[in-house]
>>> print(open('query15.csv').read())   # CSV, C-alpha atoms
chain,number,residue,atom,x,y,z
A,6,MET,CA,0.0,0.0,0.0
A,7,PRO,CA,1.4,3.4,-0.9
A,8,GLU,CA,2.4,5.6,2.1
A,9,SER,CA,-0.1,8.3,1.2
A,10,ALA,CA,-2.9,5.8,1.0
A,11,PHE,CA,-1.9,4.3,4.3
A,12,ASN,CA,-1.9,7.7,6.0
A,13,GLY,CA,-5.3,8.4,4.4
A,14,GLN,CA,-6.7,5.2,5.7
A,15,ARG,CA,-5.2,5.8,9.2
A,16,MET,CA,-6.6,9.3,9.4
A,17,ARG,CA,-10.0,8.0,8.3
A,18,MET,CA,-10.0,5.3,11.1
A,19,LEU,CA,-9.0,8.0,13.6
A,20,ALA,CA,-11.8,10.2,12.5
A,21,PHE,CA,-14.3,7.3,12.7
A,22,ALA,CA,-13.0,6.5,16.2
A,23,GLY,CA,-13.3,10.1,17.3
A,24,ALA,CA,-16.9,10.4,15.9
A,25,VAL,CA,-17.9,7.1,17.7
A,26,GLY,CA,-16.4,8.4,20.9
A,27,VAL,CA,-18.1,11.8,20.7
A,28,ALA,CA,-21.5,10.8,19.4
A,29,PRO,CA,-22.9,9.5,22.8
A,30,LEU,CA,-22.3,12.9,24.2
A,31,LEU,CA,-25.3,14.1,22.2
A,32,PHE,CA,-27.4,12.3,24.7
A,33,ILE,CA,-25.2,11.6,27.7
A,34,GLY,CA,-23.6,14.3,29.9
A,35,GLY,CA,-23.1,17.9,29.0
A,36,PRO,CA,-25.2,20.9,29.9
A,37,ASP,CA,-28.7,20.6,31.3
A,38,TRP,CA,-31.4,23.2,31.7
A,39,ALA,CA,-29.6,24.6,34.8
A,40,SER,CA,-26.2,24.9,33.2
A,41,GLY,CA,-24.6,28.3,32.7
A,42,PRO,CA,-24.4,30.1,29.3
A,43,PHE,CA,-20.7,29.7,28.7
A,44,TYR,CA,-20.6,26.0,29.4
A,45,ARG,CA,-23.6,25.5,27.1
A,46,SER,CA,-22.0,27.6,24.4
A,47,VAL,CA,-18.7,25.7,24.4
A,48,TRP,CA,-20.4,22.4,24.5
A,49,ASN,CA,-22.5,23.2,21.5
A,50,LEU,CA,-19.3,23.7,19.4
A,51,GLY,CA,-18.9,20.0,19.7
A,52,HIS,CA,-21.6,19.5,17.0
A,53,ILE,CA,-19.3,21.1,14.5
A,54,GLY,CA,-16.4,18.8,15.4
A,55,LEU,CA,-18.5,15.7,15.5
A,56,PHE,CA,-20.0,16.1,12.0
A,57,ALA,CA,-16.7,17.1,10.6
A,58,LEU,CA,-15.1,13.9,11.9
A,59,LEU,CA,-18.1,11.9,10.7
A,60,THR,CA,-17.9,13.4,7.2
A,61,TYR,CA,-14.2,12.7,6.9
A,62,ALA,CA,-14.6,9.1,8.1
A,63,LEU,CA,-17.4,8.3,5.6
A,64,LYS,CA,-15.8,10.2,2.7
A,65,PRO,CA,-19.0,10.7,0.7
A,66,TRP,CA,-17.0,12.2,-2.2
A,67,GLN,CA,-16.1,8.6,-3.1
A,68,TRP,CA,-19.6,8.2,-4.5
A,69,LEU,CA,-20.7,11.7,-5.4
A,70,THR,CA,-19.2,14.9,-6.7
A,71,GLY,CA,-20.1,18.5,-7.3
A,72,TRP,CA,-23.5,19.8,-6.4
A,73,ARG,CA,-24.9,16.2,-5.9
A,74,LEU,CA,-22.4,15.7,-3.2
A,75,TRP,CA,-23.3,18.9,-1.4
A,76,LEU,CA,-27.1,18.3,-1.8
A,77,ALA,CA,-27.0,14.7,-0.6
A,78,ALA,CA,-24.7,15.4,2.4
A,79,THR,CA,-26.7,18.4,3.4
A,80,ALA,CA,-30.1,16.6,3.1
A,81,ALA,CA,-28.8,13.6,5.1
A,82,VAL,CA,-27.3,15.6,7.9
A,83,LEU,CA,-30.4,17.8,8.0
A,84,LEU,CA,-32.6,14.8,8.5
A,85,LEU,CA,-30.2,13.3,11.0
A,86,GLY,CA,-30.1,16.6,12.9
A,87,ILE,CA,-33.8,16.8,13.1
A,88,LEU,CA,-34.0,13.2,14.4
A,89,ILE,CA,-31.3,13.9,17.0
A,90,GLU,CA,-33.1,17.0,18.3
A,91,TRP,CA,-36.4,15.1,18.5
A,92,LEU,CA,-34.7,12.3,20.5
A,93,GLN,CA,-33.1,14.8,22.8
A,94,SER,CA,-36.5,16.4,23.5
A,95,GLY,CA,-37.4,13.1,25.3
A,96,THR,CA,-34.4,13.5,27.7
A,97,ASP,CA,-33.3,16.1,30.2
A,98,ARG,CA,-31.5,17.8,27.3
A,99,GLN,CA,-33.1,20.7,25.5
A,100,ALA,CA,-33.7,20.6,21.7
A,101,ASP,CA,-32.0,23.4,19.9
A,102,GLY,CA,-32.6,24.2,16.2
A,103,HIS,CA,-29.2,26.0,16.0
A,104,ASP,CA,-27.5,22.7,16.7
A,105,ILE,CA,-28.8,21.5,13.2
A,106,LEU,CA,-26.9,24.4,11.6
A,107,ARG,CA,-23.8,23.5,13.6
A,108,ASN,CA,-24.1,19.9,12.3
A,109,LEU,CA,-24.3,21.2,8.7
A,110,LEU,CA,-21.3,23.5,9.3
A,111,GLY,CA,-19.2,20.6,10.3
A,112,VAL,CA,-20.0,18.8,7.1
A,113,TRP,CA,-19.6,21.9,4.9
A,114,LEU,CA,-16.2,22.6,6.4
A,115,VAL,CA,-14.8,19.2,5.3
A,116,LEU,CA,-16.5,19.3,1.9
A,117,SER,CA,-15.2,22.8,1.1
A,118,TRP,CA,-11.7,22.5,2.5
A,119,ARG,CA,-10.8,19.0,1.4
A,120,PRO,CA,-10.2,19.9,-2.3
A,121,VAL,CA,-8.1,22.8,-1.3
A,122,VAL,CA,-6.0,21.0,1.3
A,123,SER,CA,-5.5,17.8,-0.8
A,124,ARG,CA,-5.0,19.9,-4.0
A,125,SER,CA,-7.3,17.5,-5.8
A,126,THR,CA,-8.5,20.5,-7.9
A,127,ARG,CA,-6.5,23.3,-9.4
A,128,ALA,CA,-6.4,26.2,-7.0
A,129,ASP,CA,-7.9,29.4,-8.4
A,130,ALA,CA,-10.0,32.2,-7.1
A,131,ARG,CA,-13.3,30.3,-7.4
A,132,SER,CA,-12.0,27.3,-5.5
A,133,TRP,CA,-11.6,29.5,-2.4
A,134,VAL,CA,-15.1,30.8,-2.3
A,135,LEU,CA,-16.7,27.9,-0.4
A,136,PRO,CA,-13.8,27.5,2.0
A,137,THR,CA,-13.9,31.2,2.8
A,138,VAL,CA,-17.6,31.2,3.4
A,139,THR,CA,-17.5,28.2,5.7
A,140,ALA,CA,-14.5,29.6,7.5
A,141,LEU,CA,-16.4,32.8,8.1
A,142,LEU,CA,-19.4,30.8,9.4
A,143,LEU,CA,-17.0,29.0,11.8
A,144,LEU,CA,-15.6,32.3,13.0
A,145,CYS,CA,-19.1,33.5,13.7
A,146,GLU,CA,-19.8,30.5,15.9
A,147,LEU,CA,-16.4,31.0,17.7
A,148,GLY,CA,-17.1,34.7,18.0
A,149,SER,CA,-20.5,34.0,19.6
A,150,THR,CA,-18.9,31.8,22.2
A,151,GLY,CA,-16.3,34.5,22.8
A,152,ALA,CA,-19.0,37.0,23.3
A,153,VAL,CA,-20.7,34.8,25.8
A,154,ALA,CA,-17.3,34.4,27.6
A,155,ALA,CA,-16.8,38.1,27.7
A,156,ARG,CA,-20.4,38.6,29.0
A,157,GLN,CA,-19.9,36.0,31.7
A,158,TRP,CA,-16.6,37.6,32.8
A,159,GLN,CA,-18.4,40.9,33.1
A,160,VAL,CA,-21.2,39.3,35.2
A,161,HIS,CA,-18.5,37.9,37.5
A,162,GLN,CA,-16.7,41.3,37.8
A,163,GLN,CA,-19.8,43.4,38.5
A,164,LEU,CA,-20.2,42.4,42.1
A,165,PRO,CA,-21.5,43.8,44.4
A,166,LEU,CA,-24.2,44.5,41.7
A,167,LEU,CA,-26.2,41.4,40.8
A,168,TYR,CA,-27.4,43.1,37.6
A,169,ASP,CA,-25.9,45.9,35.6
A,170,PHE,CA,-28.8,48.3,34.9
A,171,ARG,CA,-26.9,49.8,32.0
A,172,GLN,CA,-27.6,46.8,29.9
A,173,LYS,CA,-29.8,47.6,26.9
A,174,ASP,CA,-31.2,44.1,26.5
A,175,PRO,CA,-32.1,42.2,29.7
A,176,ALA,CA,-32.9,39.0,27.8
A,177,PRO,CA,-29.4,37.3,28.3
A,178,TYR,CA,-29.9,37.8,32.1
A,179,TRP,CA,-33.6,37.8,32.9
A,180,SER,CA,-36.6,35.7,31.9
A,181,GLY,CA,-40.1,37.3,32.1
A,182,ASN,CA,-41.5,40.6,30.9
A,183,ALA,CA,-38.8,43.1,31.9
A,184,VAL,CA,-37.7,46.0,29.8
A,185,PRO,CA,-35.3,48.9,30.5
A,186,SER,CA,-36.9,52.2,31.5
A,187,ASP,CA,-35.8,55.7,32.2
A,188,GLU,CA,-38.5,56.1,34.9
A,189,HIS,CA,-38.0,55.7,38.6
A,190,THR,CA,-34.3,55.2,38.6
A,191,SER,CA,-32.1,55.5,41.7
A,192,ASN,CA,-28.4,54.7,41.5
A,193,HIS,CA,-28.3,53.7,37.8
A,194,PRO,CA,-29.2,55.4,34.5
A,195,GLN,CA,-32.0,52.9,33.9
A,196,SER,CA,-34.5,50.8,35.9
A,197,LEU,CA,-36.3,47.6,34.8
A,198,MET,CA,-40.0,47.9,34.2
A,199,ILE,CA,-41.7,44.7,35.1
A,200,GLU,CA,-45.2,44.0,33.7
A,201,LEU,CA,-47.2,41.7,36.0
A,202,GLY,CA,-50.2,39.8,34.6
A,203,THR,CA,-53.2,38.0,36.2
A,204,GLU,CA,-51.9,34.4,35.7
A,205,THR,CA,-51.2,32.2,38.7
A,206,TYR,CA,-47.5,33.3,38.9
A,207,SER,CA,-46.3,36.4,37.1
A,208,GLY,CA,-42.9,38.0,37.3
A,209,ILE,CA,-39.3,37.8,36.3
A,210,SER,CA,-36.3,35.6,37.2
A,211,LEU,CA,-32.6,36.6,37.1
A,212,ASN,CA,-31.0,33.4,35.7
A,213,ASN,CA,-27.6,34.8,34.8
A,214,LEU,CA,-26.0,36.4,37.9
A,215,PRO,CA,-22.8,36.3,39.9
A,216,ALA,CA,-22.9,33.0,41.7
A,217,ASP,CA,-20.5,33.5,44.6
A,218,TRP,CA,-22.1,35.5,47.3
A,219,ARG,CA,-19.5,34.7,50.0
A,220,GLY,CA,-18.1,37.7,51.8
A,221,TYR,CA,-21.4,39.6,51.7
A,222,GLU,CA,-23.9,40.0,54.5
A,223,GLN,CA,-27.0,41.5,52.9
A,224,LEU,CA,-29.0,41.7,49.7
A,225,THR,CA,-30.6,45.0,48.9
A,226,LEU,CA,-33.5,45.6,46.5
A,227,MET,CA,-35.0,48.9,45.5
A,228,LEU,CA,-38.5,48.7,43.9
A,229,PHE,CA,-40.9,51.4,42.9
A,230,ASN,CA,-44.7,50.8,43.0
A,231,PRO,CA,-46.4,53.4,40.7
A,232,GLY,CA,-49.9,52.2,41.7
A,233,GLN,CA,-52.1,53.6,44.4
A,234,GLU,CA,-52.5,50.3,46.2
A,235,PRO,CA,-49.9,48.2,48.0
A,236,LEU,CA,-48.5,45.3,45.9
A,237,THR,CA,-47.2,42.0,47.4
A,238,LEU,CA,-44.4,40.2,45.6
A,239,THR,CA,-42.5,37.0,46.5
A,240,LEU,CA,-38.7,36.9,46.4
A,241,ARG,CA,-37.2,33.5,45.8
A,242,ILE,CA,-33.5,32.6,45.7
A,243,ASN,CA,-32.0,29.2,45.1
A,244,ASP,CA,-28.7,27.5,44.4
A,245,LEU,CA,-27.7,25.1,41.7
A,246,ALA,CA,-28.4,22.1,43.9
A,247,HIS,CA,-32.0,23.1,44.1
A,248,ASP,CA,-32.4,23.5,40.4
A,249,ARG,CA,-31.0,20.0,39.9
A,250,GLY,CA,-33.1,18.5,42.7
A,251,ASP,CA,-36.8,18.2,43.0
A,252,ASN,CA,-37.4,22.0,43.3
A,253,ALA,CA,-39.2,21.7,46.6
A,254,TYR,CA,-40.6,24.8,48.2
A,255,GLY,CA,-38.7,24.1,51.4
A,256,ASP,CA,-35.4,23.8,49.6
A,257,ARG,CA,-35.0,27.5,48.7
A,258,PHE,CA,-35.4,30.9,50.2
A,259,ASN,CA,-38.8,32.5,49.9
A,260,THR,CA,-40.1,35.7,51.5
A,261,ARG,CA,-42.9,38.2,50.9
A,262,LEU,CA,-42.2,41.8,50.0
A,263,VAL,CA,-45.1,44.3,50.5
A,264,LEU,CA,-44.6,47.3,48.2
A,265,ASP,CA,-46.3,50.5,49.4
A,266,PRO,CA,-47.1,53.1,46.7
A,267,GLY,CA,-43.8,54.9,45.7
A,268,ALA,CA,-40.2,53.9,46.4
A,269,ASN,CA,-39.4,50.8,48.6
A,270,THR,CA,-36.1,49.5,49.8
A,271,PHE,CA,-35.8,45.9,51.1
A,272,THR,CA,-32.8,44.5,52.9
A,273,ILE,CA,-32.4,40.7,53.2
A,274,ASN,CA,-30.0,39.1,55.6
A,275,LEU,CA,-27.9,36.5,53.7
A,276,ASP,CA,-27.7,34.3,56.7
A,277,ASP,CA,-31.5,33.8,56.3
A,278,VAL,CA,-30.9,32.9,52.7
A,279,ARG,CA,-28.1,30.4,53.6
A,280,ASN,CA,-30.2,28.7,56.3
A,281,ALA,CA,-33.5,28.7,54.2
A,282,PRO,CA,-33.4,25.1,52.9
A,283,ALA,CA,-35.0,22.8,55.4
A,284,SER,CA,-32.5,20.0,55.4
A,285,ARG,CA,-29.2,21.6,54.3
A,286,LEU,CA,-27.4,24.9,53.9
A,287,MET,CA,-27.7,26.8,50.6
A,288,ASP,CA,-24.5,26.8,48.6
A,289,MET,CA,-23.6,30.5,48.7
A,290,THR,CA,-20.7,29.8,46.2
A,291,ASN,CA,-23.2,28.7,43.6
A,292,VAL,CA,-26.4,30.8,43.7
A,293,ARG,CA,-28.2,30.1,40.5
A,294,ARG,CA,-31.5,32.0,40.4
A,295,LEU,CA,-33.3,35.0,41.9
A,296,GLY,CA,-37.0,35.6,41.2
A,297,LEU,CA,-39.6,38.2,41.8
A,298,PHE,CA,-43.2,37.3,41.2
A,299,ALA,CA,-46.8,38.0,42.1
A,300,VAL,CA,-49.5,35.4,42.7
A,301,ARG,CA,-53.0,35.7,41.2
A,302,LEU,CA,-53.3,39.4,40.8
A,303,PRO,CA,-56.9,40.6,40.2
A,304,ALA,CA,-55.6,43.0,37.6
A,305,PRO,CA,-52.3,43.7,35.7
A,306,ARG,CA,-49.8,45.8,37.6
A,307,THR,CA,-46.5,47.4,36.8
A,308,VAL,CA,-43.4,47.7,39.1
A,309,PHE,CA,-39.9,49.1,38.6
A,310,LEU,CA,-36.7,47.5,39.9
A,311,SER,CA,-34.1,50.2,40.3
A,312,ASP,CA,-31.3,48.5,42.3
A,313,LEU,CA,-30.2,44.9,43.1
A,314,ARG,CA,-26.9,44.5,45.0
A,315,LEU,CA,-25.1,42.7,47.8
A,316,ASN,CA,-23.6,44.5,50.8
>>> encode(input="query15.csv", output="structure tokens")
Amino acid sequence: MPESAFNGQRMRMLAFAGAVGVAPLLFIGGPDWASGPFYRSVWNLGHIGLFALLTYALKPWQWLTGWRLWLAATAAVLLLGILIEWLQSGTDRQADGHDILRNLLGVWLVLSWRPVVSRSTRADARSWVLPTVTALLLLCELGSTGAVAARQWQVHQQLPLLYDFRQKDPAPYWSGNAVPSDEHTSNHPQSLMIELGTETYSGISLNNLPADWRGYEQLTLMLFNPGQEPLTLTLRINDLAHDRGDNAYGDRFNTRLVLDPGANTFTINLDDVRNAPASRLMDMTNVRRLGLFAVRLPAPRTVFLSDLRLN
């Protein structure tokens, strides 16, 4: 066997072994619904690597060429990706349509770069179009992960603030109906306007926040009630262990906040938060979620959150 053929066969077997080793991670291990954004973003890049390895191992260009190769490979991976996301929806993993695009990118990278690297075709300007496009798509994916890393570093550095009210888009941090507002601000240029509905539970949850609360003694919240009647909200705080447990009411911190009309400041002792779970201590190095919500309001209400910090 010629040396080049031997090396090609060996690389193909290594690619196949890598794909077989990585494929179970689509369903086993990895991030769950409680995992942080950066871990999730890095893990998702594995889709690109897996399908690049699988494409190189199968070498579909042995049977097809040109647009037929691209069409067949794209269709096959598209159907496989849809199947994988459907199967994942039956586990504790979350289906993500973007993963299908990452699968396709892994295939396209190999299909576009193989002729250039192997010099199986004459290199000219046109032969670099597809490799350039796929490389740019890869850079976009890597850039998105880099942006998540930068954002998470900023979240970690913003203590004692739990949320930076200068953010123009609360969506990467909060879930629920919260939008920046110039009204009823205090120590920041903006507040968060929270629209509360009449459903059983209505409110917002800070899911992306600094996790390590050690070294602090109090949590301070500043809220403004623009209505003429008092408003009762529930504040809940939990750690990562609670999210990955059975989410029992007695395994987290819960307290009622009664907002009088106008400005309200609440101070919570962090020892009370630490001791809140009935059968353990809350992990103050891994606080995962902070929520504010109302229960069965008779009519929609609005409230403004203007400060949220540790002291």
>>> residues_around(input="query15.csv", residues="A:Leu109", least_positions_apart="6", cutoff="9 Å", atoms="all atoms listed in the file", output="list in words")
His52, Ile53, Phe56, Ala57, Ala78, Thr79, Val82, Leu83 and Gly86 of chain A
>>> atom_distance(input="query15.csv", atom1="atom CA of A:Leu74", atom2="atom CA of A:Leu116")
8.6 Å
>>> atom_distance(input="query15.csv", atom1="atom CA of A:Leu197", atom2="atom CA of A:Asp312")
9.1 Å
>>> closest_residue(input="query15.csv", among="A:Ala216, A:Leu228, A:Leu76, A:Ile89", to="A:Met289", atoms="all atoms listed in the file")
A:Ala216
>>> atom_distance(input="query15.csv", atom1="atom CA of A:Glu200", atom2="atom CA of A:Pro231")
11.8 Å
>>> residues_around(input="query15.csv", residues="A:Trp66", least_positions_apart="6", cutoff="12 Å", atoms="all atoms listed in the file", output="MDAnalysis selection string")
chainID A and resid 60 72:78 112 115:117 119:120 125
>>> residues_around(input="query15.csv", residues="stretch 180-187 of chain A", least_positions_apart="6", cutoff="9 Å", atoms="only C-alpha atoms", output="ChimeraX atom specification")
/A:170-174,194-201,207-212,309
>>> residues_around(input="query15.csv", residues="stretch 260-273 of chain A", least_positions_apart="2", cutoff="7 Å", atoms="only C-alpha atoms", output="list of chain:residue names")
A:Gln223, A:Leu224, A:Thr225, A:Leu226, A:Met227, A:Leu228, A:Phe229, A:Asn230, A:Pro231, A:Gly232, A:Gln233, A:Glu234, A:Pro235, A:Leu236, A:Thr237, A:Leu238, A:Thr239, A:Leu240, A:Arg241, A:Phe258, A:Leu275
>>> closest_residue(input="query15.csv", among="A:Arg249, A:Arg107, A:Arg257, A:Arg17", to="A:Gly296", atoms="all atoms listed in the file")
A:Arg257
>>> residues_around(input="query15.csv", residues="A:Asn252", least_positions_apart="5", cutoff="12 Å", atoms="only C-alpha atoms", output="PyMOL selection string")
chain A and resi 39+241-247+257-258+282+294
>>> closest_residue(input="query15.csv", among="A:Val138, A:Val153, A:Leu85, A:Ala22", to="A:Val47", atoms="all atoms listed in the file")
A:Val153
